[in-house]
Every structure is written in C-alpha cells, then in structure tokens.
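Novice: The file below is model.json, JSON, C-alpha atoms:
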```json
[["chain", "number", "residue", "atom", "x", "y", "z"],
["E", 1, "ILE", "CA", -1.41, -33.39, 41.95],
["E", 2, "ASP", "CA", 2.33, -33.32, 41.99],
["E", 3, "ALA", "CA", 3.88, -31.15, 39.37],
["E", 4, "PHE", "CA", 6.00, -34.10, 38.36],
["E", 5, "ASP", "CA", 2.92, -36.32, 38.07],
["E", 6, "PRO", "CA", 0.43, -34.26, 36.08],
["E", 7, "PHE", "CA", -1.61, -37.34, 35.09],
["E", 8, "GLY", "CA", -1.84, -38.89, 38.54],
["E", 9, "PHE", "CA", -0.11, -42.15, 37.84],
["E", 10, "SER", "CA", 1.02, -42.34, 41.40],
["E", 11, "GLU", "CA", -2.60, -42.90, 42.53],
["E", 12, "LEU", "CA", -2.98, -46.01, 40.37],
["E", 13, "ASP", "CA", -2.58, -49.33, 42.07],
["E", 14, "PHE", "CA", -0.12, -50.61, 39.51],
["E", 15, "ASP", "CA", 3.07, -52.51, 40.11],
["E", 16, "PRO", "CA", 5.03, -52.74, 36.92],
["E", 17, "PHE", "CA", 7.14, -55.57, 38.35],
["E", 18, "GLY", "CA", 4.30, -57.44, 40.04],
["E", 19, "ASP", "CA", 1.55, -59.73, 38.92],
["E", 20, "ASN", "CA", 0.16, -57.19, 36.48],
["E", 21, "ALA", "CA", 3.43, -56.73, 34.70],
["E", 22, "SER", "CA", 1.91, -58.32, 31.63],
["E", 23, "LEU", "CA", -0.30, -55.26, 31.21],
["E", 24, "CYS", "CA", 2.50, -52.86, 30.70],
["E", 25, "VAL", "CA", 2.74, -50.91, 27.50],
["E", 26, "GLY", "CA", 4.51, -52.80, 24.72],
["E", 27, "SER", "CA", 3.89, -56.22, 26.27],
["E", 28, "SER", "CA", 1.76, -59.04, 24.75],
["E", 29, "ILE", "CA", -1.10, -60.89, 26.35],
["E", 30, "HIS", "CA", -0.66, -64.68, 25.96],
["E", 31, "ASP", "CA", -3.31, -67.26, 26.78],
["E", 32, "ASP", "CA", -1.88, -70.48, 28.00],
["E", 33, "ASP", "CA", -4.18, -72.95, 26.24],
["E", 34, "ALA", "CA", -2.69, -75.85, 28.06],
["E", 35, "SER", "CA", -3.58, -74.40, 31.47],
["E", 36, "LYS", "CA", -7.13, -73.67, 30.38],
["E", 37, "LYS", "CA", -7.83, -77.17, 28.96],
["E", 38, "ASP", "CA", -10.44, -79.20, 30.71],
["E", 39, "PRO", "CA", -8.83, -82.36, 32.09],
["E", 40, "GLN", "CA", -12.13, -84.17, 31.51],
["E", 41, "GLN", "CA", -12.05, -83.46, 27.73],
["E", 42, "PRO", "CA", -10.78, -86.49, 25.75],
["E", 43, "SER", "CA", -7.68, -86.12, 23.59],
["E", 44, "PRO", "CA", -8.16, -86.18, 19.81],
["E", 45, "PRO", "CA", -7.51, -89.55, 18.19],
["E", 46, "PRO", "CA", -3.99, -90.03, 16.88],
["E", 47, "ALA", "CA", -3.45, -89.49, 13.16],
["E", 48, "PRO", "CA", -3.49, -92.68, 11.10],
["E", 49, "PRO", "CA", -0.05, -93.92, 10.10],
["E", 50, "ARG", "CA", 1.07, -92.74, 6.68],
["E", 51, "LYS", "CA", 1.25, -95.37, 4.03],
["E", 52, "PRO", "CA", 4.73, -95.81, 2.58],
["E", 53, "VAL", "CA", 5.09, -94.43, -0.91],
["E", 54, "ALA", "CA", 5.95, -97.12, -3.40],
["E", 55, "THR", "CA", 9.18, -96.39, -5.22],
["E", 56, "THR", "CA", 10.30, -97.92, -8.51],
["E", 57, "ALA", "CA", 13.86, -99.14, -8.60],
["E", 58, "THR", "CA", 15.85, -97.54, -11.46],
["E", 59, "PRO", "CA", 17.39, -100.28, -13.61],
["E", 60, "PRO", "CA", 21.09, -99.97, -14.29],
["E", 61, "THR", "CA", 21.79, -97.89, -17.40],
["E", 62, "GLN", "CA", 22.80, -99.85, -20.46],
["E", 63, "PRO", "CA", 25.67, -98.53, -22.58],
["E", 64, "ILE", "CA", 24.40, -96.86, -25.76],
["E", 65, "GLN", "CA", 25.48, -98.77, -28.82],
["E", 66, "GLN", "CA", 27.12, -96.43, -31.31],
["E", 67, "LEU", "CA", 26.14, -96.60, -34.96],
["E", 68, "PRO", "CA", 28.90, -97.29, -37.48],
["E", 69, "PRO", "CA", 30.38, -94.12, -38.93],
["E", 70, "LYS", "CA", 29.18, -92.76, -42.25],
["E", 71, "ILE", "CA", 32.01, -92.33, -44.74],
["E", 72, "ILE", "CA", 31.71, -90.25, -47.89],
["E", 73, "VAL", "CA", 34.28, -91.30, -50.49],
["E", 74, "ARG", "CA", 34.84, -89.09, -53.54],
["E", 75, "VAL", "CA", 36.88, -90.77, -56.27],
["E", 76, "ASN", "CA", 38.33, -88.90, -59.25],
["E", 77, "ILE", "CA", 39.39, -90.91, -62.31],
["E", 78, "HIS", "CA", 41.34, -89.22, -65.08],
["E", 79, "GLU", "CA", 42.42, -91.03, -68.23],
["E", 80, "GLU", "CA", 44.85, -90.10, -70.98],
["E", 81, "VAL", "CA", 43.81, -92.18, -73.98],
["E", 82, "SER", "CA", 45.47, -92.79, -77.31],
["E", 83, "THR", "CA", 43.38, -94.64, -79.89],
["E", 84, "SER", "CA", 43.82, -95.64, -83.51],
["E", 85, "ILE", "CA", 41.63, -97.19, -86.15],
["E", 86, "GLU", "CA", 41.97, -98.10, -89.79],
["E", 87, "ALA", "CA", 39.53, -96.60, -92.24],
["E", 88, "GLY", "CA", 36.50, -98.87, -92.55],
["E", 89, "GLU", "CA", 37.09, -100.70, -89.23],
["E", 90, "LYS", "CA", 34.56, -100.64, -86.40],
["E", 91, "VAL", "CA", 36.82, -101.42, -83.42],
["E", 92, "CYS", "CA", 39.73, -99.23, -82.39],
["E", 93, "ARG", "CA", 42.80, -100.09, -80.36],
["E", 94, "ALA", "CA", 43.26, -98.07, -77.19],
["E", 95, "SER", "CA", 46.13, -97.40, -74.84],
["E", 96, "ILE", "CA", 45.01, -95.95, -71.50],
["E", 97, "GLU", "CA", 47.02, -94.29, -68.75],
["E", 98, "GLY", "CA", 44.88, -93.45, -65.74],
["E", 99, "THR", "CA", 45.18, -91.78, -62.34],
["E", 100, "ILE", "CA", 42.88, -92.39, -59.36],
["E", 101, "GLN", "CA", 42.50, -89.88, -56.52],
["E", 102, "ALA", "CA", 40.28, -90.10, -53.45],
["E", 103, "GLN", "CA", 38.92, -87.80, -50.75],
["E", 104, "VAL", "CA", 37.37, -89.09, -47.51],
["E", 105, "HIS", "CA", 34.91, -87.44, -45.11],
["E", 106, "SER", "CA", 33.94, -89.47, -42.02],
["E", 107, "SER", "CA", 31.31, -88.75, -39.37],
["E", 108, "ASN", "CA", 33.85, -89.94, -36.79],
["E", 109, "ALA", "CA", 35.45, -86.74, -35.53],
["E", 110, "THR", "CA", 38.69, -88.38, -34.44],
["E", 111, "LYS", "CA", 39.74, -90.82, -37.15],
["E", 112, "ASN", "CA", 38.97, -92.31, -40.56],
["E", 113, "ALA", "CA", 38.30, -96.03, -40.58],
["E", 114, "PRO", "CA", 40.22, -98.09, -43.15],
["E", 115, "PHE", "CA", 38.16, -99.52, -46.00],
["E", 116, "LEU", "CA", 38.47, -101.39, -49.28],
["E", 117, "LEU", "CA", 38.04, -100.12, -52.82],
["E", 118, "CYS", "CA", 37.07, -102.72, -55.38],
["E", 119, "PHE", "CA", 38.00, -102.02, -59.01],
["E", 120, "LYS", "CA", 36.03, -104.04, -61.57],
["E", 121, "GLU", "CA", 36.59, -104.05, -65.33],
["E", 122, "PRO", "CA", 36.39, -106.39, -68.29],
["E", 123, "SER", "CA", 38.99, -109.14, -68.11],
["E", 124, "THR", "CA", 40.14, -108.26, -71.64],
["E", 125, "ASN", "CA", 41.51, -104.86, -70.56],
["E", 126, "ASN", "CA", 44.79, -106.23, -69.18],
["E", 127, "THR", "CA", 44.94, -103.47, -66.57],
["E", 128, "ALA", "CA", 47.97, -103.09, -64.31],
["E", 129, "PHE", "CA", 47.71, -101.03, -61.11],
["E", 130, "LYS", "CA", 50.46, -99.26, -59.22],
["E", 131, "PHE", "CA", 49.17, -98.21, -55.80],
["E", 132, "ASP", "CA", 50.56, -95.37, -53.72],
["E", 133, "GLY", "CA", 52.03, -97.00, -50.60],
["E", 134, "ASN", "CA", 51.26, -93.98, -48.41],
["E", 135, "PHE", "CA", 47.50, -94.45, -48.61],
["E", 136, "ALA", "CA", 46.72, -97.73, -50.42],
["E", 137, "ALA", "CA", 47.89, -101.33, -50.47],
["E", 138, "GLU", "CA", 46.82, -104.04, -52.87],
["E", 139, "VAL", "CA", 44.93, -106.90, -51.21],
["E", 140, "LEU", "CA", 43.70, -108.99, -54.13],
["E", 141, "SER", "CA", 44.67, -108.71, -57.78],
["E", 142, "ASN", "CA", 43.11, -109.92, -61.03],
["E", 143, "PHE", "CA", 40.38, -112.03, -59.50],
["E", 144, "VAL", "CA", 38.20, -113.47, -62.27],
["E", 145, "ASP", "CA", 34.82, -115.11, -61.75],
["E", 146, "GLY", "CA", 35.19, -118.19, -63.92],
["E", 147, "GLN", "CA", 31.48, -119.00, -63.77],
["E", 148, "GLU", "CA", 30.60, -115.97, -65.88],
["E", 149, "GLU", "CA", 30.56, -116.16, -69.65],
["E", 150, "GLU", "CA", 33.86, -115.18, -71.20],
["E", 151, "ARG", "CA", 32.48, -112.02, -72.77],
["E", 152, "ARG", "CA", 31.04, -110.95, -69.42],
["E", 153, "ARG", "CA", 33.94, -111.85, -67.19],
["E", 154, "GLU", "CA", 35.28, -109.11, -65.00],
["E", 155, "THR", "CA", 38.60, -108.72, -63.26],
["E", 156, "ALA", "CA", 38.40, -107.48, -59.68],
["E", 157, "THR", "CA", 41.23, -105.79, -57.80],
["E", 158, "LEU", "CA", 40.94, -104.95, -54.10],
["E", 159, "ALA", "CA", 42.96, -102.25, -52.37],
["E", 160, "LYS", "CA", 42.91, -101.30, -48.69],
["E", 161, "LEU", "CA", 42.82, -97.55, -48.13],
["E", 162, "THR", "CA", 44.02, -95.86, -44.95],
["E", 163, "ILE", "CA", 43.70, -92.09, -45.21],
["E", 164, "PRO", "CA", 44.52, -90.09, -42.05],
["E", 165, "LYS", "CA", 42.01, -87.62, -40.65],
["E", 166, "GLY", "CA", 44.40, -84.78, -41.31],
["E", 167, "GLU", "CA", 44.26, -85.33, -45.08],
["E", 168, "ILE", "CA", 41.46, -82.94, -46.01],
["E", 169, "GLY", "CA", 41.94, -82.72, -49.77],
["E", 170, "THR", "CA", 42.27, -85.39, -52.45],
["E", 171, "VAL", "CA", 45.18, -87.82, -52.31],
["E", 172, "LYS", "CA", 46.60, -89.98, -55.07],
["E", 173, "ILE", "CA", 45.63, -93.62, -54.71],
["E", 174, "ALA", "CA", 46.99, -95.32, -57.81],
["E", 175, "ASP", "CA", 48.13, -95.14, -61.41],
["E", 176, "TYR", "CA", 47.07, -97.75, -63.95],
["E", 177, "THR", "CA", 47.63, -98.71, -67.57],
["E", 178, "ALA", "CA", 45.42, -100.71, -69.87],
["E", 179, "GLN", "CA", 45.50, -102.03, -73.42],
["E", 180, "CYS", "CA", 42.11, -102.84, -74.89],
["E", 181, "GLU", "CA", 39.83, -102.73, -77.89],
["E", 182, "ILE", "CA", 36.96, -100.27, -77.84],
["E", 183, "LYS", "CA", 33.93, -100.26, -80.06],
["E", 184, "ASN", "CA", 32.27, -97.05, -78.92],
["E", 185, "LEU", "CA", 34.36, -93.95, -78.21],
["E", 186, "PRO", "CA", 32.78, -90.77, -76.83],
["E", 187, "PHE", "CA", 32.68, -89.58, -80.45],
["E", 188, "LEU", "CA", 32.52, -91.02, -83.95],
["E", 189, "VAL", "CA", 34.65, -89.84, -86.88],
["E", 190, "GLN", "CA", 33.40, -90.38, -90.42],
["E", 191, "SER", "CA", 35.39, -89.26, -93.45],
["E", 192, "ARG", "CA", 34.87, -89.29, -97.17],
["E", 193, "ILE", "CA", 37.50, -88.51, -99.76],
["E", 194, "LYS", "CA", 36.23, -87.96, -103.29],
["E", 195, "PHE", "CA", 38.45, -87.53, -106.35],
["E", 196, "ASP", "CA", 37.29, -85.75, -109.50],
["E", 197, "GLU", "CA", 40.18, -86.07, -111.96],
["E", 198, "ASN", "CA", 42.78, -83.73, -110.40],
["E", 199, "ILE", "CA", 40.42, -82.21, -107.76],
["E", 200, "CYS", "CA", 40.16, -83.75, -104.28],
["E", 201, "HIS", "CA", 37.12, -83.17, -102.01],
["E", 202, "ILE", "CA", 37.64, -83.89, -98.29],
["E", 203, "ALA", "CA", 34.57, -84.20, -96.02],
["E", 204, "LEU", "CA", 34.48, -85.00, -92.29],
["E", 205, "GLN", "CA", 31.71, -85.53, -89.78],
["E", 206, "ILE", "CA", 32.27, -85.66, -86.00],
["E", 207, "ARG", "CA", 29.36, -86.94, -83.92],
["E", 208, "SER", "CA", 29.18, -86.97, -80.14],
["E", 209, "ASN", "CA", 27.96, -90.20, -78.56],
["E", 210, "LEU", "CA", 24.44, -89.84, -77.22],
["E", 211, "ALA", "CA", 25.37, -92.04, -74.23],
["E", 212, "ASN", "CA", 27.98, -89.57, -73.00],
["E", 213, "LYS", "CA", 27.51, -88.13, -69.54],
["E", 214, "GLY", "CA", 28.58, -84.65, -70.58],
["E", 215, "GLU", "CA", 29.66, -82.51, -73.49],
["E", 216, "LEU", "CA", 32.99, -82.79, -75.29],
["E", 217, "GLU", "CA", 35.30, -79.79, -75.12],
["E", 218, "ASP", "CA", 38.41, -78.36, -76.77],
["E", 219, "PHE", "CA", 38.03, -80.19, -80.06],
["E", 220, "THR", "CA", 40.91, -80.12, -82.51],
["E", 221, "ILE", "CA", 40.43, -81.86, -85.86],
["E", 222, "ALA", "CA", 43.50, -82.07, -88.12],
["E", 223, "VAL", "CA", 43.86, -83.55, -91.59],
["E", 224, "ALA", "CA", 47.32, -84.26, -92.94],
["E", 225, "VAL", "CA", 47.68, -83.36, -96.61],
["E", 226, "PRO", "CA", 49.96, -85.67, -98.68],
["E", 227, "GLN", "CA", 52.69, -84.56, -101.03],
["E", 228, "GLN", "CA", 50.56, -85.30, -104.11],
["E", 229, "VAL", "CA", 48.50, -82.16, -103.34],
["E", 230, "LYS", "CA", 49.48, -78.70, -104.55],
["E", 231, "PRO", "CA", 49.79, -76.69, -101.29],
["E", 232, "GLU", "CA", 48.71, -73.41, -102.85],
["E", 233, "THR", "CA", 45.37, -74.94, -103.93],
["E", 234, "VAL", "CA", 44.13, -76.10, -100.50],
["E", 235, "LYS", "CA", 40.93, -74.28, -99.55],
["E", 236, "VAL", "CA", 38.65, -74.76, -96.50],
["E", 237, "THR", "CA", 35.03, -74.91, -97.68],
["E", 238, "LYS", "CA", 33.15, -75.67, -94.43],
["E", 239, "GLY", "CA", 33.99, -74.80, -90.84],
["E", 240, "ALA", "CA", 36.40, -72.21, -89.46],
["E", 241, "GLY", "CA", 39.49, -74.17, -90.43],
["E", 242, "LYS", "CA", 43.01, -73.02, -91.25],
["E", 243, "TRP", "CA", 45.58, -74.39, -93.66],
["E", 244, "ASP", "CA", 49.18, -74.62, -92.41],
["E", 245, "SER", "CA", 51.33, -74.99, -95.52],
["E", 246, "LEU", "CA", 54.51, -75.50, -93.47],
["E", 247, "LYS", "CA", 53.11, -78.50, -91.55],
["E", 248, "ARG", "CA", 50.78, -79.45, -94.42],
["E", 249, "ILE", "CA", 47.83, -79.71, -92.02],
["E", 250, "ILE", "CA", 44.25, -78.45, -92.24],
["E", 251, "LYS", "CA", 43.04, -77.76, -88.68],
["E", 252, "TRP", "CA", 39.64, -76.96, -87.19],
["E", 253, "ASN", "CA", 39.06, -75.93, -83.56],
["E", 254, "VAL", "CA", 35.71, -76.27, -81.78],
["E", 255, "ASP", "CA", 35.09, -75.18, -78.18],
["E", 256, "CYS", "CA", 32.22, -77.52, -77.35],
["E", 257, "LEU", "CA", 30.18, -80.35, -78.82],
["E", 258, "PRO", "CA", 27.04, -81.31, -76.83],
["E", 259, "LYS", "CA", 26.21, -85.00, -76.50],
["E", 260, "GLY", "CA", 24.33, -86.30, -79.52],
["E", 261, "ALA", "CA", 25.37, -83.32, -81.68],
["E", 262, "SER", "CA", 27.43, -83.45, -84.87],
["E", 263, "MET", "CA", 29.70, -81.16, -86.89],
["E", 264, "LEU", "CA", 30.64, -81.08, -90.59],
["E", 265, "PHE", "CA", 33.97, -79.96, -92.07],
["E", 266, "SER", "CA", 35.23, -79.93, -95.61],
["E", 267, "ALA", "CA", 38.08, -78.74, -97.82],
["E", 268, "ASP", "CA", 39.13, -78.93, -101.48],
["E", 269, "ALA", "CA", 42.56, -79.26, -103.04],
["E", 270, "GLU", "CA", 44.13, -79.84, -106.41],
["E", 271, "LEU", "CA", 46.36, -82.81, -107.08],
["E", 272, "ILE", "CA", 49.69, -82.49, -108.82],
["E", 273, "MET", "CA", 48.69, -85.30, -111.13],
["E", 274, "SER", "CA", 45.26, -86.42, -112.25],
["E", 275, "VAL", "CA", 43.88, -89.50, -110.53],
["E", 276, "ASN", "CA", 43.66, -91.20, -113.87],
["E", 277, "LYS", "CA", 47.43, -90.89, -114.21],
["E", 278, "VAL", "CA", 48.31, -91.85, -110.61],
["E", 279, "ASP", "CA", 50.14, -95.11, -110.39],
["E", 280, "GLY", "CA", 49.52, -97.29, -107.36],
["E", 281, "LEU", "CA", 47.52, -96.13, -104.31],
["E", 282, "LEU", "CA", 45.40, -93.01, -104.17],
["E", 283, "PRO", "CA", 46.53, -90.10, -101.98],
["E", 284, "HIS", "CA", 45.92, -90.78, -98.31],
["E", 285, "PHE", "CA", 44.66, -88.18, -95.80],
["E", 286, "PRO", "CA", 45.26, -89.27, -92.15],
["E", 287, "ILE", "CA", 42.99, -87.66, -89.55],
["E", 288, "ILE", "CA", 43.78, -86.76, -85.95],
["E", 289, "VAL", "CA", 41.08, -85.77, -83.43],
["E", 290, "ARG", "CA", 41.82, -84.48, -79.96],
["E", 291, "CYS", "CA", 39.25, -83.55, -77.28],
["E", 292, "ARG", "CA", 38.45, -83.90, -73.60],
["E", 293, "SER", "CA", 35.48, -84.54, -71.34],
["E", 294, "LYS", "CA", 34.99, -83.68, -67.67],
["E", 295, "LEU", "CA", 32.44, -86.43, -67.02],
["E", 296, "ASP", "CA", 33.29, -89.42, -69.22],
["E", 297, "GLN", "CA", 35.89, -92.15, -69.39],
["E", 298, "VAL", "CA", 37.00, -94.65, -72.03],
["E", 299, "SER", "CA", 37.68, -97.66, -69.83],
["E", 300, "LYS", "CA", 34.72, -99.46, -68.33],
["E", 301, "MET", "CA", 36.16, -99.50, -64.82],
["E", 302, "LYS", "CA", 33.63, -99.58, -61.98],
["E", 303, "ILE", "CA", 34.51, -98.82, -58.35],
["E", 304, "ASP", "CA", 32.81, -99.85, -55.12],
["E", 305, "ALA", "CA", 33.62, -99.24, -51.43],
["E", 306, "VAL", "CA", 33.59, -102.15, -48.95],
["E", 307, "ALA", "CA", 34.05, -102.17, -45.16],
["E", 308, "VAL", "CA", 37.04, -103.92, -43.59],
["E", 309, "ASP", "CA", 36.46, -106.61, -40.96],
["E", 310, "GLY", "CA", 36.49, -105.01, -37.52],
["E", 311, "HIS", "CA", 35.77, -101.53, -38.92],
["E", 312, "PRO", "CA", 32.03, -101.39, -39.73],
["E", 313, "ALA", "CA", 30.91, -98.37, -41.72],
["E", 314, "THR", "CA", 28.28, -97.18, -44.16],
["E", 315, "PHE", "CA", 29.52, -95.68, -47.41],
["E", 316, "MET", "CA", 28.42, -93.04, -49.86],
["E", 317, "LEU", "CA", 30.54, -93.27, -53.01],
["E", 318, "ASP", "CA", 30.76, -90.44, -55.53],
["E", 319, "THR", "CA", 32.81, -91.13, -58.67],
["E", 320, "VAL", "CA", 33.77, -88.41, -61.16],
["E", 321, "SER", "CA", 35.55, -89.27, -64.41],
["E", 322, "SER", "CA", 37.46, -87.17, -66.94],
["E", 323, "VAL", "CA", 39.30, -88.09, -70.10],
["E", 324, "ARG", "CA", 41.50, -86.62, -72.78],
["E", 325, "ILE", "CA", 41.59, -88.47, -76.08],
["E", 326, "LEU", "CA", 43.96, -88.46, -79.02],
["E", 327, "HIS", "CA", 42.34, -90.42, -81.85],
["E", 328, "ARG", "CA", 44.01, -91.33, -85.15],
["E", 329, "VAL", "CA", 42.23, -92.47, -88.29],
["E", 330, "SER", "CA", 44.57, -93.84, -90.94]]
```
For the structure just supplied, provide its representation as structure tokens.
Specialist:
Amino acid sequence: IDAFDPFGFSELDFDPFGDNASLCVGSSIHDDDASKKDPQQPSPPPAPPRKPVATTATPPTQPIQQLPPKIIVRVNIHEEVSTSIEAGEKVCRASIEGTIQAQVHSSNATKNAPFLLCFKEPSTNNTAFKFDGNFAAEVLSNFVDGQEEERRRETATLAKLTIPKGEIGTVKIADYTAQCEIKNLPFLVQSRIKFDENICHIALQIRSNLANKGELEDFTIAVAVPQQVKPETVKVTKGAGKWDSLKRIIKWNVDCLPKGASMLFSADAELIMSVNKVDGLLPHFPIIVRCRSKLDQVSKMKIDAVAVDGHPATFMLDTVSSVRILHRVS
C-alpha cells in the first residue's frame, strides 16, 4: 500500500466524475418517479371543478342621519320689588324691575343653534321688555289668547336668542318692568296697635308663605314711631330689636325665616297725651319689611324654550329665580 494511500482507495473501481458520481460523499440519492412509472398504469382522474363561492354584494352605505343637538338652557331671573298696602287691605300694589340672564350648553361642539324663549305672564301685569341686542331680538310682543277667560288670559312675548359658542358664562338677555296687583307675597305682615290710655302696645307677626320654594333671608323689620310718642319711653318687649331715637325707628333683624314659619315682635311706648285727649286720628305706626329669597319671585312669569325653523333641537330648561322685596304697610 502506498504511503500516500493508507486506506487503499486507489484499488477501488470508483470514478468520482463518472456514472457513480451520485454516490460521492455529501451527495443525495434522488429517485426519478417519472422514469419509474409504468406506462400501462392509468392516470388518476382529474379533480372535479371547484364550485364558485357565492358572494353577497355590499349595498352602498347610507349617510347616517344626525340627531338634533341637545341644548341645556339655564335662565336666571332676578327681581327688585317694591310693594305697598294699606292696613286692612288684602291686595298690594307692586312695582317690579327684573333682569333675565341665560347660559347655553349645546351638544354640538362647533356652534350653538339659535332658539326662541317664550315669556308668559298674566295679561294684567303690563310688562315691558327691553332685550339686549347682542344676544336677543324680540319676535312677537304682547300676544294675548282672546279665547281664554279674562282672568286667565296670558300675554306671550317671543325673543330669538343667538348666543355664540365662545360665551361660556351667563349673558344678559333682557330687562323688564311690570306694574301689577299681588294677593300673595312670599310673606304676610300682620300688625296690631293697642292703646291703653297713654300707653301704646305694638305687636307684629311675620309669616313666611308655605308655598315658597325656599327660605327668606336677611329680614329687616322697621316700625316708624310718630311724634306723639315720648322717645325716652320706647321699649322693645319681644325680639332682638333696637330703638333708634334719632331716626325714630324700632328695627329688628332676622337672618333666616324658613317657609311656613312665623316670628313675633313687640314694643311698648308712652304717648305724650292720653288717647282720650287726642283730637282727630290716633297715632299711626308705618311698617317697612325688607328681605330676599334665592329661589322665589313675585311676578308669575313662566319661560319656555322653542326651536327655530331650520334649527331642530331638544331642550332642557332650568330656571332659577331670586327676589329682593321692600314692603310698606301704611
């Protein structure tokens, strides 16, 4: 064996480039199935044709109809009221100065749709509106339904409101004035003056109306003392009242009076002259009551929101009233 061929490969009948080249190390043995097939063997039947898959045609998409925007309208009504009544009368005369403010929140993110506010009140109120031209314009004024009974007739005033989206807070819509007669105030004042020769007994009762929406606050009750009374003899007998000899006024202050509640006040004084010797009318004690409420109003105004043609919308109306009253009993 050759020293360069220790394994004797040279004796093998092997031609790496001949017919047996497929047996060399690292090569693969492949069977040619096509060459080994029997020509007599029949071919397999062809596969059946595939059935077409039925497809459903997608209908053209319809545009989604948008719902009308939802508008939340918050209306604030504040009234400054001056009333007067004669002793023994049941109906008082009222002068009302009011202010109306509004705040709008719309579900439309880009703009606020215009809408109408309808103000309804008794036709006897003689109300005059002055609308703010920046946000409101009067459309219809003093419309009266003649088919209603006279005591039930209402005056309707329509105003078109256009409040820009950028106005986030409340805006002033209108001022109004009214002259009317009112039977039921948010409170009732009852007084009794009793004379016992030269002694005068003053008694007052203030009662909050049970139909009020909220409590009455910041009560001030003042009684004017006439010149026939000796100032040094005035004495408060009920309630934390004070006598002001310079102004000749007895005054009581009360922080709060819940609805349906009542308060009693009284004072005594000595007359300069006995009642038996007084010529003409008896001494007169005018009464002034001042208070306020955050939830009530004196006028019977009702407000409703209505959509404008071409601007459909659904409304949620929230009305808050407040009033400050100066009441005189003579």
Novice: Between E:Arg248, E:Arg192, E:Arg74, E:Arg207, which is the closest to Ile173 in chain E once you count only C-alpha atoms?
Specialist: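 Of all the options, E:Arg74 lies closest to Ile173 in chain E.
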Novice: For a quick check of understanding, using all atoms listed in the file, which of E:Lys238, E:Lys120, E:Lys160, E:Arg153 has the smallest distance to Phe135 in chain E?
Specialist: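 Going through E:Lys238, E:Lys120, E:Lys160, E:Arg153 one by one, the smallest distance to Phe135 in chain E is for E:Lys160.
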Novice: Can you tell me, as a VMD selection string, what residues are no more than 9 Å from Val254 in chain E when counting only C-alpha atoms, ignoring any on the same chain fewer than 6 positions away?
Specialist: chain E and resid 217 to 221 240
Novice: Hey, which bits of range 145-191 of chain E sit within 12 Å of range 257-272 of chain E, and for each residue what's the closest pair of atoms and how far apart in Å (one decimal), counting only C-alpha atoms, rows by chain and increasing number, as a tab-separated table?
Specialist:
```
residue	atom	partner	partner_atom	distance
E:Pro186	CA	E:Lys259	CA	8.8
E:Phe187	CA	E:Lys259	CA	8.9
E:Leu188	CA	E:Ser262	CA	9.2
E:Val189	CA	E:Ser262	CA	9.8
E:Gln190	CA	E:Leu264	CA	9.7
E:Ser191	CA	E:Phe265	CA	9.5
```
Novice: Store the residues picked out above, limited to C-alpha atoms, as a short mmCIF file (atom, residue, chain, number, x, y, z; two decimals), in the frame of the given file.
Specialist:
```
data_model
loop_
_atom_site.label_atom_id
_atom_site.label_comp_id
_atom_site.auth_asym_id
_atom_site.auth_seq_id
_atom_site.Cartn_x
_atom_site.Cartn_y
_atom_site.Cartn_z
CA PRO E 186 32.78 -90.77 -76.83
CA PHE E 187 32.68 -89.58 -80.45
CA LEU E 188 32.52 -91.02 -83.95
CA VAL E 189 34.65 -89.84 -86.88
CA GLN E 190 33.40 -90.38 -90.42
CA SER E 191 35.39 -89.26 -93.45
#
```
Novice: Please, what distance in Å, to one decimal, runs between CA of Arg324 in chain E and CA of Arg292 in chain E?
Specialist: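 Rounded to one decimal, the two atoms are 4.2 Å apart.
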Novice: For a quick check of your reading of the model, name the residues lying within 12 Å of the coordinate (42.7, -98.8, -88.6), counting only C-alpha atoms, and write them as a PyMOL selection string.
Specialist: chain E and resi 83-94+181+286-287+327-330
Novice: Deliver the residues from the most recent selection as a file, using C-alpha atoms, as an mmCIF file, keeping the file's coordinate frame.
Specialist:
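Done, and the output landed in out-v4.cif:
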```cif
data_model
loop_
_atom_site.group_PDB
_atom_site.id
_atom_site.type_symbol
_atom_site.label_atom_id
_atom_site.label_comp_id
_atom_site.auth_asym_id
_atom_site.auth_seq_id
_atom_site.Cartn_x
_atom_site.Cartn_y
_atom_site.Cartn_z
ATOM 1 C CA THR E 83 43.380 -94.640 -79.890
ATOM 2 C CA SER E 84 43.820 -95.640 -83.510
ATOM 3 C CA ILE E 85 41.630 -97.190 -86.150
ATOM 4 C CA GLU E 86 41.970 -98.100 -89.790
ATOM 5 C CA ALA E 87 39.530 -96.600 -92.240
ATOM 6 C CA GLY E 88 36.500 -98.870 -92.550
ATOM 7 C CA GLU E 89 37.090 -100.700 -89.230
ATOM 8 C CA LYS E 90 34.560 -100.640 -86.400
ATOM 9 C CA VAL E 91 36.820 -101.420 -83.420
ATOM 10 C CA CYS E 92 39.730 -99.230 -82.390
ATOM 11 C CA ARG E 93 42.800 -100.090 -80.360
ATOM 12 C CA ALA E 94 43.260 -98.070 -77.190
ATOM 13 C CA GLU E 181 39.830 -102.730 -77.890
ATOM 14 C CA PRO E 286 45.260 -89.270 -92.150
ATOM 15 C CA ILE E 287 42.990 -87.660 -89.550
ATOM 16 C CA HIS E 327 42.340 -90.420 -81.850
ATOM 17 C CA ARG E 328 44.010 -91.330 -85.150
ATOM 18 C CA VAL E 329 42.230 -92.470 -88.290
ATOM 19 C CA SER E 330 44.570 -93.840 -90.940
#
```
Novice: Of the candidates E:Gln66, E:Ser208, E:Ser141, E:Ser82, which one gets nearest to Glu97 in chain E if we count only C-alpha atoms?
Specialist: E:Ser82
Novice: Name the residues, using the chain letters and numbers of the file, that sit within 6 Å of (31.4, -89.0, -66.2) when counting all atoms listed in the file, and give them as number ranges by chain.
Specialist: E: 213, 295-296, 320-321
Novice: For the atom pair CA of Ala174 in chain E and CA of Gly214 in chain E, what is the interatomic distance in Å to one decimal place?
Specialist: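 According to the coordinates, CA of Ala174 in chain E and CA of Gly214 in chain E are separated by 24.8 Å.
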Novice: Nearest to Asp132 in chain E: which of E:Cys118, E:Val75, E:Ile100, E:Ala109 is it, counting all atoms listed in the file?
Specialist: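 Closest candidate: E:Ile100.
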